[in-house]
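Engineer: Got a structure for you, upload-v1.txt, holding compact mmCIF, C-alpha atoms.
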```txt
# COMPACT_ATOMS: atom_id res chain seq x y z
CA MET P 382 8.10 45.27 18.80
CA GLU P 383 8.27 47.50 15.75
CA ILE P 384 10.87 47.72 12.99
CA GLY P 385 10.53 51.22 11.56
CA THR P 386 6.80 51.53 11.01
CA PHE P 387 6.51 47.70 10.62
CA SER P 388 5.61 45.31 13.39
CA THR P 389 7.70 42.11 13.69
CA ILE P 390 4.87 39.99 12.31
CA GLN P 391 4.59 42.23 9.21
CA ALA P 392 8.35 42.03 8.64
CA LEU P 393 8.26 38.24 8.98
CA ALA P 394 5.41 38.02 6.49
CA VAL P 395 7.40 40.04 3.92
CA LEU P 396 10.47 37.88 4.56
CA LEU P 397 8.42 34.69 4.10
CA ALA P 398 7.00 36.04 0.83
CA ALA P 399 10.53 36.85 -0.39
CA VAL P 400 11.74 33.34 0.45
CA ILE P 401 8.75 31.76 -1.35
CA ILE P 402 9.33 33.90 -4.45
CA TYR P 403 13.05 33.06 -4.46
CA TYR P 404 12.47 29.30 -4.18
CA SER P 405 9.57 29.28 -6.65
CA ARG P 406 11.78 30.99 -9.22
CA ALA P 407 14.74 28.70 -8.53
CA LEU P 408 12.57 25.57 -8.76
CA TYR P 409 10.98 26.82 -12.00
CA GLN P 410 14.41 27.44 -13.53
CA LYS P 411 15.54 23.95 -12.54
CA GLY P 412 12.41 22.51 -14.12
CA ASN P 413 11.01 21.19 -10.84
CA PHE P 414 8.10 23.63 -10.89
CA SER P 415 5.69 24.20 -13.77
CA ARG P 416 4.83 27.76 -14.83
CA LYS P 417 1.46 27.32 -13.12
CA ASP P 418 3.13 26.22 -9.87
CA SER P 419 5.45 29.18 -9.77
CA TRP P 420 2.70 31.71 -10.56
CA THR P 421 0.46 30.19 -7.90
CA TRP P 422 3.17 30.79 -5.33
CA TYR P 423 4.01 34.27 -6.69
CA GLY P 424 0.32 35.12 -6.29
CA PHE P 425 0.28 33.78 -2.76
CA SER P 426 3.41 35.80 -1.93
CA ILE P 427 2.00 39.00 -3.42
CA ILE P 428 -1.16 38.66 -1.32
CA LEU P 429 1.02 38.06 1.74
CA VAL P 430 3.09 41.19 1.04
CA LEU P 431 -0.03 43.29 0.42
CA ALA P 432 -1.62 42.02 3.62
CA ALA P 433 1.57 42.85 5.54
CA VAL P 434 2.33 46.25 3.98
CA LEU P 435 -1.25 47.51 3.66
CA PRO P 436 -3.11 45.86 6.53
CA THR P 437 -5.93 48.40 6.34
CA TYR P 438 -7.01 46.89 3.00
CA LEU P 439 -8.07 43.82 4.96
CA ASP P 440 -10.76 45.94 6.54
CA ILE P 441 -12.71 45.59 3.27
CA LEU P 442 -12.77 41.81 3.80
CA SER P 443 -13.27 42.08 7.51
CA GLY P 444 -16.51 43.92 6.84
CA ILE P 445 -17.78 40.78 5.12
CA PHE P 446 -16.73 38.22 7.66
CA THR P 447 -15.67 39.73 10.95
CA ARG P 448 -14.93 43.11 12.41
CA ARG P 449 -11.28 42.40 13.18
CA SER P 450 -8.64 42.51 10.46
CA LEU P 451 -6.28 40.06 12.14
CA ASP P 452 -9.06 37.52 12.60
CA THR P 453 -9.81 37.76 8.89
CA LEU P 454 -6.17 37.22 7.99
CA LEU P 455 -5.92 34.21 10.29
CA ILE P 456 -9.12 32.63 8.97
CA PHE P 457 -8.01 33.10 5.36
CA GLY P 458 -4.57 31.78 6.25
CA LEU P 459 -6.02 28.68 7.84
CA LEU P 460 -8.37 28.01 4.94
CA LEU P 461 -5.54 28.49 2.48
CA SER P 462 -3.32 26.16 4.51
CA PHE P 463 -5.96 23.44 4.48
CA GLY P 464 -6.32 23.86 0.73
CA LEU P 465 -2.60 23.64 0.17
CA ILE P 466 -2.22 20.61 2.43
CA PHE P 467 -5.00 18.89 0.51
CA GLN P 468 -3.36 19.77 -2.82
CA LEU P 469 -0.05 18.44 -1.54
CA TYR P 470 -1.66 15.23 -0.31
CA VAL P 471 -3.37 14.61 -3.64
CA ARG P 472 -0.15 15.21 -5.55
CA LEU P 473 1.88 13.04 -3.22
CA GLN P 474 -0.59 10.17 -3.56
CA GLN P 475 -0.56 10.52 -7.34
CA THR P 476 3.24 10.60 -7.44
CA ASN P 477 3.42 7.55 -5.18
CA LYS P 478 1.01 5.69 -7.43
CA ASP P 479 2.97 6.66 -10.56
CA VAL P 480 6.28 5.57 -9.00
CA THR P 481 4.82 2.20 -7.96
CA GLU P 482 3.35 1.66 -11.42
CA LEU P 483 6.67 2.50 -13.07
CA VAL P 484 8.63 0.25 -10.71
CA ARG P 485 6.14 -2.56 -11.38
CA LYS P 486 6.33 -2.22 -15.17
CA VAL P 487 10.13 -2.31 -15.09
CA ALA P 488 10.12 -5.31 -12.71
CA ILE P 489 7.72 -7.37 -14.85
CA ALA P 490 9.44 -6.40 -18.12
CA LEU P 491 12.85 -7.41 -16.75
CA GLY P 492 11.39 -10.63 -15.31
CA GLN P 493 9.95 -11.54 -18.71
CA LYS P 494 13.19 -10.68 -20.49
CA ARG P 495 15.28 -12.83 -18.14
CA LYS P 496 12.90 -15.75 -18.57
CA LYS P 497 13.33 -15.65 -22.35
CA MET T 962 -17.18 -34.67 -8.95
CA LYS T 963 -14.16 -34.64 -11.24
CA MET T 964 -11.56 -32.09 -10.19
CA LYS T 965 -9.67 -29.95 -12.67
CA LYS T 966 -5.91 -30.35 -12.65
CA ALA T 967 -4.33 -27.62 -10.58
CA LYS T 968 -1.73 -25.43 -12.24
CA LEU T 969 -0.22 -23.29 -9.55
CA ALA T 970 1.70 -20.03 -9.54
CA PHE T 971 3.29 -19.06 -6.23
CA VAL T 972 3.71 -15.33 -5.58
CA ILE T 973 6.22 -14.56 -2.85
CA PRO T 974 6.83 -10.95 -1.82
CA ALA T 975 10.27 -10.59 -0.25
CA TYR T 976 12.13 -7.71 1.36
CA ASN T 977 15.55 -8.46 2.87
CA GLU T 978 14.79 -12.17 3.23
CA GLU T 979 18.19 -13.66 2.34
CA VAL T 980 18.09 -15.75 5.54
CA SER T 981 14.83 -17.51 4.69
CA ILE T 982 14.05 -17.18 0.98
CA GLY T 983 16.26 -20.11 -0.06
CA ARG T 984 14.62 -22.54 2.39
CA THR T 985 11.14 -21.24 1.51
CA LEU T 986 11.72 -21.91 -2.19
CA LYS T 987 13.33 -25.32 -1.59
CA ASP T 988 10.33 -26.35 0.53
CA ILE T 989 7.87 -25.30 -2.19
CA ARG T 990 9.93 -26.94 -4.95
CA LYS T 991 10.05 -30.18 -2.98
CA LYS T 992 6.29 -30.29 -2.36
CA PHE T 993 5.22 -28.83 -5.71
CA PRO T 994 7.84 -29.73 -8.34
CA GLY T 995 7.37 -28.06 -11.69
CA GLU T 996 4.99 -25.34 -10.46
CA LYS T 997 5.79 -21.72 -11.26
CA ILE T 998 7.28 -19.56 -8.52
CA PHE T 999 7.42 -15.77 -8.79
CA VAL T 1000 9.43 -13.87 -6.20
CA VAL T 1001 8.97 -10.13 -5.94
CA ASN T 1002 12.23 -8.72 -4.64
CA ASP T 1003 10.97 -5.46 -3.15
CA GLY T 1004 14.13 -3.35 -3.31
CA SER T 1005 16.04 -5.62 -0.91
CA LYS T 1006 19.47 -4.46 0.21
CA ASP T 1007 20.70 -8.02 0.69
CA ARG T 1008 21.05 -11.09 -1.58
CA THR T 1009 17.34 -12.00 -1.67
CA GLY T 1010 17.11 -11.56 -5.45
CA GLN T 1011 20.25 -13.57 -6.26
CA ILE T 1012 19.25 -16.45 -3.99
CA ALA T 1013 15.73 -16.59 -5.44
CA LYS T 1014 17.17 -16.62 -8.97
CA LYS T 1015 19.60 -19.38 -8.05
CA GLU T 1016 16.69 -21.45 -6.71
CA GLY T 1017 14.99 -21.19 -10.11
CA ALA T 1018 12.26 -18.66 -9.33
CA VAL T 1019 11.23 -15.95 -11.75
CA VAL T 1020 12.29 -12.75 -9.98
CA PHE T 1021 10.51 -9.43 -10.39
CA SER T 1022 12.85 -6.83 -8.93
CA HIS T 1023 11.43 -3.57 -7.63
CA LEU T 1024 14.19 -1.00 -8.07
CA ILE T 1025 13.09 0.67 -4.82
CA ASN T 1026 11.09 -0.61 -1.87
CA ARG T 1027 7.35 -0.09 -2.45
CA GLY T 1028 5.74 -2.21 0.26
CA LEU T 1029 3.82 -5.45 0.63
CA GLY T 1030 0.74 -4.36 -1.30
CA ALA T 1031 2.76 -3.15 -4.27
CA SER T 1032 4.78 -6.39 -4.25
CA LEU T 1033 1.72 -8.62 -4.17
CA THR T 1034 0.15 -6.66 -7.02
CA THR T 1035 3.34 -6.95 -9.09
CA GLY T 1036 3.52 -10.68 -8.36
CA ILE T 1037 -0.13 -11.35 -9.18
CA LYS T 1038 -0.05 -9.28 -12.38
CA GLY T 1039 3.24 -10.87 -13.46
CA ALA T 1040 1.96 -14.37 -12.69
CA LEU T 1041 -1.21 -13.77 -14.72
CA GLN T 1042 0.86 -12.51 -17.65
CA MET T 1043 3.60 -15.13 -17.57
CA SER T 1044 1.79 -18.32 -16.64
CA ASP T 1045 -1.38 -20.20 -17.41
CA ALA T 1046 -1.90 -21.08 -13.75
CA ASN T 1047 -5.49 -21.56 -12.67
CA VAL T 1048 -4.67 -20.88 -9.02
CA ILE T 1049 -2.42 -18.12 -7.68
CA ILE T 1050 -0.96 -18.78 -4.24
CA THR T 1051 0.41 -15.92 -2.15
CA PHE T 1052 3.03 -17.17 0.27
CA ASP T 1053 5.24 -15.37 2.84
CA ALA T 1054 9.01 -15.57 2.49
CA ASP T 1055 9.80 -15.73 6.21
CA LEU T 1056 9.22 -19.48 6.74
CA GLN T 1057 5.97 -18.74 8.56
CA HIS T 1058 3.95 -21.02 6.30
CA GLU T 1059 4.13 -24.72 5.54
CA ALA T 1060 3.96 -25.63 1.87
CA ASN T 1061 1.89 -28.71 2.80
CA ASP T 1062 -1.03 -26.43 3.73
CA VAL T 1063 -1.31 -25.33 0.10
CA ARG T 1064 -2.84 -28.69 -0.84
CA HIS T 1065 -5.79 -28.02 1.50
CA LEU T 1066 -5.99 -24.43 0.33
CA ILE T 1067 -6.45 -25.18 -3.37
CA ARG T 1068 -8.99 -27.95 -2.92
CA PRO T 1069 -12.17 -25.76 -2.61
CA ILE T 1070 -11.14 -23.83 -5.74
CA MET T 1071 -10.45 -26.96 -7.75
CA GLU T 1072 -13.77 -28.45 -6.62
CA GLY T 1073 -15.52 -25.29 -7.80
CA LYS T 1074 -16.72 -24.44 -4.29
CA ALA T 1075 -14.77 -21.20 -3.84
CA ASP T 1076 -13.09 -18.41 -5.79
CA ALA T 1077 -10.62 -17.59 -3.05
CA VAL T 1078 -9.36 -19.43 0.01
CA ILE T 1079 -7.74 -17.77 3.01
CA GLY T 1080 -5.40 -19.75 5.23
CA SER T 1081 -6.52 -18.93 8.76
CA ARG T 1082 -4.20 -19.16 11.74
CA PHE T 1083 -7.19 -18.71 14.05
CA LEU T 1084 -9.15 -21.83 13.19
CA ASN T 1085 -6.76 -24.12 15.00
CA GLU T 1086 -6.79 -23.07 18.66
CA LYS T 1087 -3.79 -25.21 19.55
CA ASP T 1088 -1.57 -23.31 17.12
CA LEU T 1089 -2.74 -19.97 18.47
CA GLU T 1090 -0.55 -20.50 21.53
CA MET T 1091 2.48 -20.00 19.31
CA MET T 1092 1.33 -16.57 18.14
CA PRO T 1093 2.95 -13.68 20.03
CA PHE T 1094 0.42 -11.86 22.25
CA THR T 1095 0.78 -8.48 20.51
CA LYS T 1096 0.16 -10.12 17.13
CA LEU T 1097 -2.86 -11.95 18.50
CA VAL T 1098 -4.48 -8.76 19.81
CA GLY T 1099 -3.54 -6.80 16.67
CA ASN T 1100 -5.00 -9.47 14.42
CA TYR T 1101 -8.29 -9.59 16.32
CA PHE T 1102 -8.54 -5.82 16.08
CA LEU T 1103 -7.70 -5.63 12.36
CA THR T 1104 -9.97 -8.54 11.51
CA GLY T 1105 -12.78 -6.78 13.40
CA ILE T 1106 -12.24 -3.60 11.37
CA THR T 1107 -12.07 -5.57 8.12
CA ASN T 1108 -15.24 -7.52 8.82
CA PHE T 1109 -17.09 -4.36 9.89
CA LEU T 1110 -16.11 -2.32 6.81
CA SER T 1111 -16.11 -5.13 4.24
CA SER T 1112 -19.15 -7.11 5.41
CA THR T 1113 -17.06 -10.27 5.61
CA ILE T 1114 -17.03 -13.01 8.26
CA ILE T 1115 -13.35 -13.86 8.36
CA THR T 1116 -11.26 -15.04 11.31
CA ASP T 1117 -7.83 -14.03 9.96
CA SER T 1118 -7.81 -10.95 7.75
CA GLN T 1119 -4.01 -10.55 7.87
CA SER T 1120 -3.00 -14.01 6.69
CA GLY T 1121 -0.33 -14.02 3.98
CA LEU T 1122 -1.21 -17.51 2.78
CA ARG T 1123 -4.12 -17.43 0.37
CA ALA T 1124 -5.22 -19.04 -2.87
CA LEU T 1125 -6.98 -17.09 -5.59
CA SER T 1126 -8.59 -18.56 -8.65
CA ARG T 1127 -7.33 -17.03 -11.88
CA LYS T 1128 -10.70 -15.32 -12.31
CA SER T 1129 -10.66 -13.72 -8.85
CA ALA T 1130 -6.99 -12.71 -9.13
CA GLY T 1131 -7.84 -10.86 -12.34
CA LYS T 1132 -10.83 -9.11 -10.81
CA ILE T 1133 -9.43 -7.61 -7.61
CA ASN T 1134 -8.19 -4.05 -7.79
CA ILE T 1135 -5.49 -3.42 -5.18
CA VAL T 1136 -4.77 0.22 -4.41
CA SER T 1137 -2.76 0.00 -1.20
CA ASP T 1138 1.02 -0.32 -1.44
CA LYS T 1139 1.49 -1.25 2.19
CA TYR T 1140 0.11 -3.69 4.76
CA ALA T 1141 -3.52 -2.69 4.17
CA VAL T 1142 -3.39 -5.04 1.18
CA SER T 1143 -4.54 -8.11 3.14
CA SER T 1144 -7.75 -6.45 4.27
CA GLU T 1145 -8.14 -4.81 0.88
CA ILE T 1146 -8.04 -8.15 -0.95
CA LEU T 1147 -10.91 -9.39 1.23
CA HIS T 1148 -12.81 -6.16 0.63
CA GLU T 1149 -12.37 -6.56 -3.13
CA LEU T 1150 -13.36 -10.24 -3.11
CA GLU T 1151 -16.53 -9.41 -1.21
CA GLY T 1152 -17.25 -6.40 -3.42
CA ASN T 1153 -16.92 -8.56 -6.53
CA ARG T 1154 -19.30 -11.13 -5.02
CA LEU T 1155 -16.63 -13.83 -5.12
CA ARG T 1156 -16.93 -16.84 -2.86
CA VAL T 1157 -14.38 -16.82 -0.04
CA VAL T 1158 -13.75 -19.69 2.35
CA GLU T 1159 -11.22 -20.18 5.14
CA ILE T 1160 -9.09 -23.22 5.81
CA PRO T 1161 -7.04 -23.74 9.00
CA ILE T 1162 -3.28 -23.46 8.52
CA LYS T 1163 -0.26 -23.82 10.71
CA ALA T 1164 1.90 -20.77 11.34
CA ILE T 1165 5.44 -20.98 12.59
CA TYR T 1166 6.92 -18.03 14.45
CA ASP T 1167 10.60 -17.42 15.02
CA SER T 1168 12.34 -14.29 16.28
CA ARG T 1169 12.26 -12.71 12.81
CA SER T 1170 8.67 -13.37 11.80
CA SER T 1171 7.42 -12.38 15.27
CA THR T 1172 8.65 -8.83 14.85
CA LYS T 1173 7.45 -8.36 11.28
CA GLY T 1174 4.00 -7.44 10.04
CA THR T 1175 1.38 -4.91 11.01
CA ASN T 1176 1.62 -2.39 13.85
CA ILE T 1177 -0.60 0.40 15.21
CA LYS T 1178 0.34 2.75 12.35
CA SER T 1179 -0.53 0.16 9.72
CA GLY T 1180 -3.74 -0.56 11.67
CA ILE T 1181 -4.81 3.06 11.27
CA HIS T 1182 -3.84 2.93 7.61
CA ILE T 1183 -5.90 -0.22 7.06
CA PHE T 1184 -8.90 1.44 8.71
CA LEU T 1185 -8.57 4.57 6.55
CA THR T 1186 -8.02 2.61 3.33
CA LEU T 1187 -11.10 0.45 3.84
CA LEU T 1188 -13.17 3.44 4.91
CA ALA T 1189 -12.11 5.36 1.79
CA LYS T 1190 -13.04 2.37 -0.37
CA LYS T 1191 -16.33 1.96 1.45
CA LEU T 1192 -17.20 5.62 0.90
CA GLY T 1193 -16.19 5.43 -2.74
CA ILE T 1194 -13.29 7.88 -2.36
CA MET T 1195 -10.91 5.19 -3.63
CA ALA T 1196 -11.60 3.17 -6.76
CA ARG T 1197 -13.09 -0.20 -5.96
CA TYR T 1198 -14.39 -3.34 -7.60
CA ALA T 1199 -13.30 -2.07 -11.01
CA LYS T 1200 -10.49 -2.77 -13.39
```
Show this structure as structure tokens.
Structural biologist:
Amino acid sequence: MEIGTFSTIQALAVLLAAVIIYYSRALYQKGNFSRKDSWTWYGFSIILVLAAVLPTYLDILSGIFTRRSLDTLLIFGLLLSFGLIFQLYVRLQQTNKDVTELVRKVAIALGQKRKK
Amino acid sequence: MKMKKAKLAFVIPAYNEEVSIGRTLKDIRKKFPGEKIFVVNDGSKDRTGQIAKKEGAVVFSHLINRGLGASLTTGIKGALQMSDANVIITFDADLQHEANDVRHLIRPIMEGKADAVIGSRFLNEKDLEMMPFTKLVGNYFLTGITNFLSSTIITDSQSGLRALSRKSAGKINIVSDKYAVSSEILHELEGNRLRVVEIPIKAIYDSRSSTKGTNIKSGIHIFLTLLAKKLGIMARYAK
């Protein structure tokens, strides 16, 4: 199915990029995202839009890895997803550790205070 | 050989244990009057903390639930900071253990023959009949994993009743917040070249304690935690 000169998958990619940009900006304004976080996601979104709007540009990359543009996009997407999942995992573990440490410090400090 | 006088600190992790914490503390107080008791109230939604306080225990309250491993670490660190105990006892709050067993548990440490003593539910075959079948199978499996990855020869890696000398309690570095802590403690003791012995203990199971503890998910977590430590991905043997 095509929307104008866009295929559905291209339109969805642009929509996804728009959603990511919107949320990255909102989270940055609320202070939940650092500047680096938001620019990482802006960058990701821009690449997504470029890949969707100008798919022929992927042919440059496809020459390096494979002859088919869509294959290249999928492989890059998968690699990127693995990278992001790993980044998320590392951050989640670190946050968990920090929360436990904080909870522990408060618990011991209050325990000592009550004993006195 | 002359034995040192034992100064004990009991560490009891507790999450929603209002039904049993009072009796657990009374039993310990009766058998070991004057010894320090530290209860870690792990974000309980019930009256666990208030009851423990009323029974005279020092209560470390986690503002949110962080799991068994986090609670034991809080209790051990707090006990080391707030007492001069030479033996730290970890004890479950669900009436599964008998305080009388602690006397046997501390003996090898006080005689200088061990740095840590694990209370094993598997050394007394008669008592094994009381253990629910799923727990029995799970424990064999987890103990197998622990022994394989930690180079230990232990019969009960998931026992909650253990005694640690002050030196060994200060040396172990617990990373896991959840149930993997029991295997992790053994892994750390072995990694620090500390002497570990096992003593048979009695375990009492009621409808509550039978349903608590490790499951398949925590089994996988234990395997991954020990593997990560073994491969050096997680910090080990270091403070």
Engineer: Would you give me, as a Markdown table, each residue of chain T having an atom within 8 Å of an atom of chain P, along with its shortest atom pair and that distance in Å to one decimal, using all atoms listed in the file and sorting by chain and residue number?
Structural biologist:
```
| residue | atom | partner | partner_atom | distance |
| --- | --- | --- | --- | --- |
| T:Val1019 | CA | P:Gly492 | CA | 6.4 |
| T:Val1020 | CA | P:Gly492 | CA | 5.8 |
| T:Phe1021 | CA | P:Ala488 | CA | 4.7 |
| T:Ser1022 | CA | P:Ala488 | CA | 4.9 |
| T:His1023 | CA | P:Ala488 | CA | 5.5 |
| T:Leu1024 | CA | P:Val484 | CA | 6.3 |
| T:Ile1025 | CA | P:Val484 | CA | 7.4 |
| T:Arg1027 | CA | P:Thr481 | CA | 6.5 |
| T:Ala1031 | CA | P:Thr481 | CA | 6.8 |
| T:Thr1035 | CA | P:Arg485 | CA | 5.7 |
| T:Gly1039 | CA | P:Ile489 | CA | 5.9 |
| T:Met1043 | CA | P:Gln493 | CA | 7.4 |
| T:Asp1138 | CA | P:Thr481 | CA | 8.0 |
```
Engineer: What is the atom CA of P:Gln391-atom CA of P:Ala433 distance in Å, reported with one decimal?
Structural biologist: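 That distance, rounded to one decimal, is 4.8 Å.
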Engineer: Excluding same-chain residues fewer than 4 positions from stretch 1099-1102 of chain T, what lies within 7 Å of it counting all atoms listed in the file, as a list in words?
Structural biologist: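 The neighbour list is Thr1095, Ile1106, Asp1117 and Gln1119 of chain T.
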Engineer: Please provide the set of residues having any atom within 12 Å of T:Phe1109, restricted to only C-alpha atoms, with same-chain residues fewer than 2 positions apart removed, written as a ChimeraX atom specification.
Structural biologist: /T:1102-1107,1111-1115,1118,1144,1147-1148,1184,1187-1188,1191
Engineer: Point out the residue among T:Arg1082, T:Leu1056, T:Glu1159, T:Val972 with the least atom-to-atom distance to T:Leu1097, counting all atoms listed in the file.
Structural biologist: T:Arg1082
Engineer: Extending 6 Å beyond the listed atoms of stretch 1073-1091 of chain T on each side, what axis-aligned box results? I want centre and edge lengths in Å to one decimal, as JSON.
Structural biologist:
```
{"center_x": -7.1, "center_y": -21.4, "center_z": 6.9, "size_x": 31.2, "size_y": 19.7, "size_z": 41.3}
```
